[in-house]
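Heads up, input_39.pdb below (PDB, C-alpha atoms, pLDDT in the B column):
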```
ATOM      1  CA  MET K   1       9.483  -9.631 158.830  1.00 50.00           C
ATOM      2  CA  SER K   2      10.781  -6.053 158.556  1.00 63.00           C
ATOM      3  CA  SER K   3      10.692  -6.327 154.743  1.00 73.00           C
ATOM      4  CA  ASP K   4       6.916  -6.882 154.920  1.00 85.00           C
ATOM      5  CA  PHE K   5       6.591  -3.839 157.160  1.00 86.00           C
ATOM      6  CA  GLU K   6       8.623  -1.724 154.750  1.00 88.00           C
ATOM      7  CA  SER K   7       6.456  -2.915 151.844  1.00 90.00           C
ATOM      8  CA  TYR K   8       3.373  -1.732 153.746  1.00 91.00           C
ATOM      9  CA  GLU K   9       5.165   1.576 154.361  1.00 91.00           C
ATOM     10  CA  GLN K  10       5.642   2.101 150.624  1.00 92.00           C
ATOM     11  CA  ASP K  11       1.971   1.364 149.960  1.00 93.00           C
ATOM     12  CA  PHE K  12       1.044   3.738 152.771  1.00 93.00           C
ATOM     13  CA  GLY K  13       3.146   6.540 151.277  1.00 93.00           C
ATOM     14  CA  THR K  14       1.668   6.075 147.805  1.00 94.00           C
ATOM     15  CA  LEU K  15      -1.921   5.981 149.025  1.00 94.00           C
ATOM     16  CA  THR K  16      -1.652   8.933 151.391  1.00 94.00           C
ATOM     17  CA  ALA K  17      -0.037  11.059 148.668  1.00 94.00           C
ATOM     18  CA  GLU K  18      -2.955  10.289 146.321  1.00 94.00           C
ATOM     19  CA  ILE K  19      -5.486  11.011 149.058  1.00 93.00           C
ATOM     20  CA  THR K  20      -3.863  14.328 149.954  1.00 94.00           C
ATOM     21  CA  ASN K  21      -3.984  15.413 146.311  1.00 94.00           C
ATOM     22  CA  LYS K  22      -7.663  14.457 145.970  1.00 93.00           C
ATOM     23  CA  ILE K  23      -8.648  16.113 149.252  1.00 92.00           C
ATOM     24  CA  GLY K  24      -7.290  19.376 147.886  1.00 91.00           C
ATOM     25  CA  LYS K  25      -9.544  19.060 144.822  1.00 89.00           C
ATOM     26  CA  ILE K  26     -12.796  18.280 146.671  1.00 89.00           C
ATOM     27  CA  PRO K  27     -13.697  21.906 147.673  1.00 86.00           C
ATOM     28  CA  LYS K  28     -13.307  23.006 144.043  1.00 85.00           C
ATOM     29  CA  LEU K  29     -15.939  20.564 142.798  1.00 83.00           C
ATOM     30  CA  GLY K  30     -19.700  20.357 143.091  1.00 81.00           C
ATOM     31  CA  GLY K  31     -22.581  18.020 142.402  1.00 83.00           C
ATOM     32  CA  GLU K  32     -22.003  14.474 141.192  1.00 87.00           C
ATOM     33  CA  GLU K  33     -18.326  15.082 140.448  1.00 89.00           C
ATOM     34  CA  LYS K  34     -17.679  16.012 144.063  1.00 88.00           C
ATOM     35  CA  THR K  35     -19.747  13.066 145.345  1.00 88.00           C
ATOM     36  CA  GLN K  36     -17.748  10.584 143.271  1.00 92.00           C
ATOM     37  CA  LEU K  37     -14.414  11.986 144.431  1.00 91.00           C
ATOM     38  CA  VAL K  38     -15.549  11.895 148.068  1.00 91.00           C
ATOM     39  CA  LEU K  39     -16.553   8.230 147.685  1.00 93.00           C
ATOM     40  CA  ASN K  40     -13.208   7.467 146.065  1.00 94.00           C
ATOM     41  CA  VAL K  41     -11.238   9.109 148.873  1.00 92.00           C
ATOM     42  CA  ASP K  42     -13.370   7.350 151.475  1.00 92.00           C
ATOM     43  CA  LYS K  43     -12.540   4.006 149.885  1.00 94.00           C
ATOM     44  CA  GLN K  44      -8.822   4.799 149.805  1.00 94.00           C
ATOM     45  CA  LEU K  45      -8.884   5.841 153.461  1.00 94.00           C
ATOM     46  CA  GLU K  46     -10.347   2.439 154.292  1.00 94.00           C
ATOM     47  CA  GLU K  47      -7.432   0.841 152.424  1.00 94.00           C
ATOM     48  CA  VAL K  48      -5.022   2.899 154.533  1.00 94.00           C
ATOM     49  CA  ARG K  49      -6.757   1.721 157.715  1.00 94.00           C
ATOM     50  CA  GLU K  50      -6.297  -1.874 156.609  1.00 94.00           C
ATOM     51  CA  LEU K  51      -2.629  -1.199 155.873  1.00 93.00           C
ATOM     52  CA  LEU K  52      -2.145   0.201 159.379  1.00 94.00           C
ATOM     53  CA  GLU K  53      -3.773  -2.907 160.847  1.00 94.00           C
ATOM     54  CA  GLN K  54      -1.386  -5.117 158.860  1.00 93.00           C
ATOM     55  CA  MET K  55       1.567  -3.017 159.983  1.00 92.00           C
ATOM     56  CA  ASP K  56       0.407  -3.327 163.582  1.00 93.00           C
ATOM     57  CA  LEU K  57       0.276  -7.122 163.266  1.00 92.00           C
ATOM     58  CA  GLU K  58       3.745  -7.171 161.723  1.00 90.00           C
ATOM     59  CA  VAL K  59       5.191  -5.104 164.584  1.00 90.00           C
ATOM     60  CA  ARG K  60       3.816  -7.569 167.132  1.00 89.00           C
ATOM     61  CA  GLU K  61       5.762 -10.358 165.436  1.00 87.00           C
ATOM     62  CA  ILE K  62       9.060  -8.451 165.468  1.00 85.00           C
ATOM     63  CA  PRO K  63      11.521  -9.390 168.281  1.00 86.00           C
ATOM     64  CA  ILE K  64      11.179  -7.147 171.331  1.00 87.00           C
ATOM     65  CA  GLN K  65      14.696  -5.707 170.994  1.00 84.00           C
ATOM     66  CA  SER K  66      13.844  -4.333 167.530  1.00 82.00           C
ATOM     67  CA  ARG K  67      10.199  -3.509 168.109  1.00 85.00           C
ATOM     68  CA  GLY K  68      10.667   0.020 169.524  1.00 88.00           C
ATOM     69  CA  MET K  69      11.809   1.569 166.254  1.00 88.00           C
ATOM     70  CA  TYR K  70       8.884   0.088 164.306  1.00 89.00           C
ATOM     71  CA  ASN K  71       6.389   1.113 166.987  1.00 91.00           C
ATOM     72  CA  SER K  72       7.630   4.691 166.680  1.00 91.00           C
ATOM     73  CA  ARG K  73       7.194   4.665 162.906  1.00 91.00           C
ATOM     74  CA  LEU K  74       3.751   3.087 163.179  1.00 92.00           C
ATOM     75  CA  LYS K  75       2.701   5.763 165.668  1.00 94.00           C
ATOM     76  CA  SER K  76       3.689   8.542 163.260  1.00 94.00           C
ATOM     77  CA  TYR K  77       1.701   6.865 160.464  1.00 94.00           C
ATOM     78  CA  LYS K  78      -1.368   6.669 162.682  1.00 94.00           C
ATOM     79  CA  GLN K  79      -1.020  10.381 163.475  1.00 94.00           C
ATOM     80  CA  GLU K  80      -0.742  11.116 159.746  1.00 94.00           C
ATOM     81  CA  MET K  81      -3.894   9.063 159.190  1.00 93.00           C
ATOM     82  CA  GLU K  82      -5.787  11.074 161.820  1.00 94.00           C
ATOM     83  CA  LYS K  83      -4.743  14.314 160.102  1.00 93.00           C
ATOM     84  CA  LEU K  84      -5.890  12.997 156.725  1.00 93.00           C
ATOM     85  CA  GLU K  85      -9.297  12.067 158.132  1.00 92.00           C
ATOM     86  CA  LYS K  86      -9.720  15.545 159.644  1.00 92.00           C
ATOM     87  CA  ASP K  87      -8.674  17.233 156.379  1.00 92.00           C
ATOM     88  CA  PHE K  88     -11.102  14.989 154.505  1.00 91.00           C
ATOM     89  CA  LYS K  89     -14.003  15.987 156.761  1.00 89.00           C
ATOM     90  CA  ARG K  90     -13.192  19.658 156.327  1.00 88.00           C
ATOM     91  CA  SER K  91     -12.877  19.331 152.562  1.00 87.00           C
ATOM     92  CA  ARG K  92     -16.356  17.839 152.236  1.00 83.00           C
ATOM     93  CA  ILE K  93     -17.986  20.959 153.658  1.00 80.00           C
ATOM     94  CA  ALA K  94     -15.569  23.495 152.190  1.00 70.00           C
ATOM     95  CA  TYR K  95     -16.300  25.345 148.959  1.00 60.00           C
ATOM     96  CA  SER K  96     -14.182  27.337 146.577  1.00 52.00           C
ATOM     97  CA  ASP K  97     -15.340  30.880 145.733  1.00 47.00           C
ATOM     98  CA  GLU K  98     -16.675  29.684 142.375  1.00 47.00           C
ATOM     99  CA  VAL K  99     -18.723  26.792 143.811  1.00 49.00           C
ATOM    100  CA  ARG K 100     -19.967  28.883 146.727  1.00 51.00           C
ATOM    101  CA  ASN K 101     -21.222  31.627 144.442  1.00 53.00           C
ATOM    102  CA  GLU K 102     -22.919  29.061 142.231  1.00 51.00           C
ATOM    103  CA  LEU K 103     -24.692  27.549 145.233  1.00 49.00           C
ATOM    104  CA  LEU K 104     -25.767  30.942 146.538  1.00 51.00           C
ATOM    105  CA  GLY K 105     -26.773  32.181 143.073  1.00 53.00           C
ATOM    106  CA  GLU K 106     -24.672  35.310 143.475  1.00 51.00           C
ATOM    107  CA  ASP K 107     -22.079  37.261 141.595  1.00 51.00           C
ATOM    108  CA  PRO K 108     -18.509  36.867 142.918  1.00 48.00           C
ATOM    109  CA  GLY K 109     -18.505  40.254 144.650  1.00 52.00           C
ATOM    110  CA  SER K 110     -21.984  40.271 146.221  1.00 54.00           C
ATOM    111  CA  SER K 111     -23.403  39.609 149.682  1.00 54.00           C
ATOM    112  CA  GLU K 112     -20.473  39.512 152.057  1.00 55.00           C
ATOM    113  CA  SER K 113     -22.904  38.657 154.852  1.00 59.00           C
ATOM    114  CA  GLN K 114     -23.830  35.411 153.107  1.00 62.00           C
ATOM    115  CA  LEU K 115     -20.171  34.495 152.958  1.00 63.00           C
ATOM    116  CA  ILE K 116     -19.752  35.187 156.689  1.00 67.00           C
ATOM    117  CA  LYS K 117     -22.837  33.124 157.458  1.00 69.00           C
ATOM    118  CA  LEU K 118     -21.533  30.234 155.382  1.00 73.00           C
ATOM    119  CA  ARG K 119     -18.225  30.309 157.239  1.00 72.00           C
ATOM    120  CA  GLU K 120     -20.013  30.354 160.594  1.00 70.00           C
ATOM    121  CA  GLU K 121     -22.163  27.395 159.606  1.00 78.00           C
ATOM    122  CA  ARG K 122     -19.109  25.503 158.455  1.00 75.00           C
ATOM    123  CA  ALA K 123     -17.303  26.196 161.738  1.00 73.00           C
ATOM    124  CA  HIS K 124     -20.382  25.117 163.670  1.00 70.00           C
ATOM    125  CA  LEU K 125     -20.585  21.884 161.714  1.00 81.00           C
ATOM    126  CA  LEU K 126     -16.912  21.150 162.314  1.00 77.00           C
ATOM    127  CA  ASP K 127     -17.391  21.784 166.024  1.00 71.00           C
ATOM    128  CA  ASN K 128     -20.339  19.371 166.150  1.00 78.00           C
ATOM    129  CA  THR K 129     -18.349  16.760 164.258  1.00 80.00           C
ATOM    130  CA  GLU K 130     -15.480  16.989 166.744  1.00 74.00           C
ATOM    131  CA  LYS K 131     -17.925  16.718 169.644  1.00 75.00           C
ATOM    132  CA  LEU K 132     -19.401  13.568 168.124  1.00 79.00           C
ATOM    133  CA  GLU K 133     -15.916  12.120 167.720  1.00 79.00           C
ATOM    134  CA  ARG K 134     -15.077  12.846 171.370  1.00 78.00           C
ATOM    135  CA  SER K 135     -18.356  11.262 172.497  1.00 73.00           C
ATOM    136  CA  SER K 136     -17.620   8.217 170.372  1.00 76.00           C
ATOM    137  CA  ARG K 137     -14.146   7.876 171.908  1.00 79.00           C
ATOM    138  CA  ARG K 138     -15.606   8.180 175.427  1.00 78.00           C
ATOM    139  CA  LEU K 139     -18.193   5.496 174.650  1.00 77.00           C
ATOM    140  CA  GLU K 140     -15.492   3.242 173.274  1.00 76.00           C
ATOM    141  CA  ALA K 141     -13.347   3.784 176.374  1.00 73.00           C
ATOM    142  CA  GLY K 142     -16.348   3.086 178.617  1.00 69.00           C
ATOM    143  CA  TYR K 143     -17.078  -0.114 176.745  1.00 76.00           C
ATOM    144  CA  GLN K 144     -13.451  -1.222 177.107  1.00 75.00           C
ATOM    145  CA  ILE K 145     -13.571  -0.570 180.852  1.00 76.00           C
ATOM    146  CA  ALA K 146     -16.791  -2.585 181.103  1.00 72.00           C
ATOM    147  CA  VAL K 147     -15.206  -5.495 179.240  1.00 74.00           C
ATOM    148  CA  GLU K 148     -12.111  -5.388 181.455  1.00 73.00           C
ATOM    149  CA  THR K 149     -14.293  -5.192 184.581  1.00 73.00           C
ATOM    150  CA  GLU K 150     -16.245  -8.215 183.439  1.00 79.00           C
ATOM    151  CA  GLN K 151     -13.026 -10.136 182.861  1.00 77.00           C
ATOM    152  CA  VAL K 152     -11.763  -9.234 186.335  1.00 73.00           C
ATOM    153  CA  GLY K 153     -15.098 -10.296 187.810  1.00 70.00           C
ATOM    154  CA  GLN K 154     -14.909 -13.654 186.053  1.00 81.00           C
ATOM    155  CA  GLU K 155     -11.374 -14.182 187.357  1.00 78.00           C
ATOM    156  CA  ILE K 156     -12.491 -13.354 190.908  1.00 81.00           C
ATOM    157  CA  LEU K 157     -15.434 -15.781 190.647  1.00 77.00           C
ATOM    158  CA  ALA K 158     -13.097 -18.474 189.323  1.00 80.00           C
ATOM    159  CA  ASN K 159     -10.698 -17.870 192.237  1.00 79.00           C
ATOM    160  CA  LEU K 160     -13.557 -17.961 194.740  1.00 80.00           C
ATOM    161  CA  ASN K 161     -14.789 -21.216 193.260  1.00 80.00           C
ATOM    162  CA  THR K 162     -11.295 -22.683 193.541  1.00 86.00           C
ATOM    163  CA  ASP K 163     -11.009 -21.500 197.168  1.00 81.00           C
ATOM    164  CA  ARG K 164     -14.416 -22.993 197.964  1.00 84.00           C
ATOM    165  CA  GLU K 165     -13.334 -26.351 196.575  1.00 85.00           C
ATOM    166  CA  LYS K 166     -10.150 -26.199 198.659  1.00 87.00           C
ATOM    167  CA  ILE K 167     -12.187 -25.421 201.800  1.00 87.00           C
ATOM    168  CA  GLN K 168     -14.581 -28.288 201.072  1.00 85.00           C
ATOM    169  CA  ARG K 169     -11.674 -30.702 200.647  1.00 87.00           C
ATOM    170  CA  ALA K 170     -10.129 -29.449 203.873  1.00 80.00           C
ATOM    171  CA  ARG K 171     -13.436 -30.029 205.689  1.00 86.00           C
ATOM    172  CA  GLU K 172     -13.633 -33.571 204.317  1.00 84.00           C
ATOM    173  CA  ARG K 173     -10.102 -34.281 205.540  1.00 85.00           C
ATOM    174  CA  LEU K 174     -11.015 -32.810 208.933  1.00 82.00           C
ATOM    175  CA  ARG K 175     -14.085 -35.064 209.172  1.00 85.00           C
ATOM    176  CA  GLU K 176     -11.956 -38.078 208.258  1.00 83.00           C
ATOM    177  CA  THR K 177      -9.404 -37.067 210.885  1.00 84.00           C
ATOM    178  CA  ASP K 178     -12.146 -36.668 213.522  1.00 78.00           C
ATOM    179  CA  ALA K 179     -13.547 -40.077 212.583  1.00 81.00           C
ATOM    180  CA  ASN K 180     -10.108 -41.668 212.838  1.00 81.00           C
ATOM    181  CA  LEU K 181      -9.477 -39.999 216.213  1.00 82.00           C
ATOM    182  CA  GLY K 182     -12.842 -41.239 217.487  1.00 79.00           C
ATOM    183  CA  LYS K 183     -12.054 -44.754 216.333  1.00 81.00           C
ATOM    184  CA  SER K 184      -8.596 -44.605 217.920  1.00 79.00           C
ATOM    185  CA  SER K 185     -10.115 -43.306 221.143  1.00 79.00           C
ATOM    186  CA  ARG K 186     -12.586 -46.179 221.257  1.00 83.00           C
ATOM    187  CA  ILE K 187      -9.837 -48.715 220.647  1.00 86.00           C
ATOM    188  CA  LEU K 188      -7.689 -47.226 223.430  1.00 82.00           C
ATOM    189  CA  THR K 189     -10.644 -47.170 225.825  1.00 83.00           C
ATOM    190  CA  GLY K 190     -11.366 -50.830 225.079  1.00 80.00           C
ATOM    191  CA  MET K 191      -7.726 -51.766 225.631  1.00 81.00           C
ATOM    192  CA  LEU K 192      -7.694 -49.916 228.955  1.00 81.00           C
ATOM    193  CA  ARG K 193     -10.821 -51.673 230.093  1.00 79.00           C
ATOM    194  CA  ARG K 194      -9.400 -55.058 229.226  1.00 77.00           C
ATOM    195  CA  ASN K 195      -6.281 -54.232 231.204  1.00 73.00           C
ATOM    196  CA  GLU K 196      -8.134 -53.069 234.350  1.00 68.00           C
ATOM    197  CA  PRO K 197      -8.779 -56.582 235.922  1.00 59.00           C
ATOM    198  CA  THR K 198      -5.179 -57.535 235.387  1.00 52.00           C
ATOM    199  CA  THR K 199      -4.095 -54.425 237.233  1.00 49.00           C
ATOM    200  CA  ARG K 200      -6.410 -55.146 240.188  1.00 49.00           C
ATOM    201  CA  SER K 201      -5.256 -58.763 240.539  1.00 46.00           C
ATOM    202  CA  THR K 202      -1.704 -57.623 240.703  1.00 46.00           C
TER     203      THR K 202
END
```

Would you mind giving the structure from this file in structure tokens?
Amino acid sequence: MSSDFESYEQDFGTLTAEITNKIGKIPKLGGEEKTQLVLNVDKQLEEVRELLEQMDLEVREIPIQSRGMYNSRLKSYKQEMEKLEKDFKRSRIAYSDEVRNELLGEDPGSSESQLIKLREERAHLLDNTEKLERSSRRLEAGYQIAVETEQVGQEILANLNTDREKIQRARERLRETDANLGKSSRILTGMLRRNEPTTRST
């Protein structure tokens, strides 16, 4: 079991190293070349996500006494993945001096104000991206709470249904008991009546 996990670890290390190298190249490119590299990195990140899912499944199959160590390693890999995704997002909107000047149609030393504006826009875009991510996480958490609430509600309804059936059975037994007591009472009354003349004659 652990050998499978370690195999996934090796694949994870290889992939993340390649992704890190490519992320560093993205800001230096432009046009179609940059688009292709971005698509390539995006595909490799998806492969890393799948690896992490496989590693997570493997950890769940490991005996509890050995699971802690693997959980700790898996957690660090997930944190590394989060950092890679953030670096990737930044790289897609970052430009080297050469590419920036080409986009702005300027000489390398001109228009410092344009450079400041570009940096401000980039920071603003990053801020909006992080806000969207936080909103997405809140929505996901809200959905999870709703699902858990629904499950609890279903369990409560099932328990209430079971209790109702128990109460109905208890009522049936009580009716049977009342009927039996009434029958017994009538029998005793009849026996007493039959015995009354005998008592008087005595």

From K:Glu165, K:Glu82, K:Arg92, K:Asn71, residue lying nearest K:Lys28 [only C-alpha atoms]: K:Arg92

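Taking atom CA of K:Thr14 and atom CA of K:Glu33 as the two end points, the separation is 23.1 Å.
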
Find the residues near K:Glu85: any atom within 12 Å, counting only C-alpha atoms, skip ones fewer than 3 places away on the same chain, and give them as an MDAnalysis selection string. chainID K and resid 16 19:20 23 38 41:46 48:49 78:82 88:92 129:130 133

Kindly give the distance, in Å, that separates atom CA of K:Glu155 and atom CA of K:Arg169, rounded to a single decimal.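 The value is 21.2 Å.
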
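Across the structure, atom CA of K:Thr162 and atom CA of K:Arg175 are spaced 20.1 Å apart.
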
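A search radius of 8 Å centred on (1.9, 3.4, 159.2), applied to all atoms listed in the file, returns the residues Tyr8, Glu9, Phe12, Leu51, Leu52, Met55, Arg73, Leu74, Lys75, Ser76, Tyr77 and Lys78 of chain K.
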
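Among K:Leu188, K:Met69, K:Val147, K:Ile26, the residue with the shortest atom-to-atom distance to K:Ile93, counting all atoms listed in the file, is K:Ile26.
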
Atom completion result for stretch 148-159 of chain K (N, CA, C and O atoms) as a compact mmCIF listing (two decimals), in the coordinates of the input:
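Result saved to rebuild21.txt:
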```
# COMPACT_ATOMS: atom_id res chain seq x y z
N GLU K 148 -13.19 -5.03 180.53
CA GLU K 148 -12.11 -5.39 181.46
C GLU K 148 -12.66 -5.71 182.84
O GLU K 148 -12.19 -6.63 183.52
N THR K 149 -13.68 -4.93 183.28
CA THR K 149 -14.29 -5.19 184.58
C THR K 149 -14.95 -6.56 184.61
O THR K 149 -14.85 -7.30 185.60
N GLU K 150 -15.60 -6.91 183.52
CA GLU K 150 -16.24 -8.22 183.44
C GLU K 150 -15.21 -9.33 183.51
O GLU K 150 -15.41 -10.35 184.19
N GLN K 151 -14.09 -9.13 182.83
CA GLN K 151 -13.03 -10.14 182.86
C GLN K 151 -12.47 -10.31 184.27
O GLN K 151 -12.24 -11.44 184.72
N VAL K 152 -12.26 -9.17 184.95
CA VAL K 152 -11.76 -9.23 186.34
C VAL K 152 -12.77 -9.95 187.22
O VAL K 152 -12.42 -10.79 188.07
N GLY K 153 -14.06 -9.64 187.03
CA GLY K 153 -15.10 -10.30 187.81
C GLY K 153 -15.11 -11.80 187.60
O GLY K 153 -15.26 -12.57 188.55
N GLN K 154 -14.94 -12.23 186.35
CA GLN K 154 -14.91 -13.65 186.05
C GLN K 154 -13.70 -14.32 186.72
O GLN K 154 -13.81 -15.45 187.22
N GLU K 155 -12.56 -13.63 186.70
CA GLU K 155 -11.37 -14.18 187.36
C GLU K 155 -11.59 -14.32 188.87
O GLU K 155 -11.19 -15.31 189.48
N ILE K 156 -12.23 -13.29 189.47
CA ILE K 156 -12.49 -13.35 190.91
C ILE K 156 -13.43 -14.51 191.23
O ILE K 156 -13.22 -15.26 192.20
N LEU K 157 -14.49 -14.68 190.43
CA LEU K 157 -15.43 -15.78 190.65
C LEU K 157 -14.73 -17.13 190.51
O LEU K 157 -14.99 -18.05 191.29
N ALA K 158 -13.83 -17.22 189.51
CA ALA K 158 -13.10 -18.47 189.32
C ALA K 158 -12.21 -18.76 190.53
O ALA K 158 -12.13 -19.90 191.02
N ASN K 159 -11.55 -17.70 191.06
CA ASN K 159 -10.70 -17.87 192.24
C ASN K 159 -11.51 -18.27 193.46
O ASN K 159 -11.11 -19.12 194.25
```
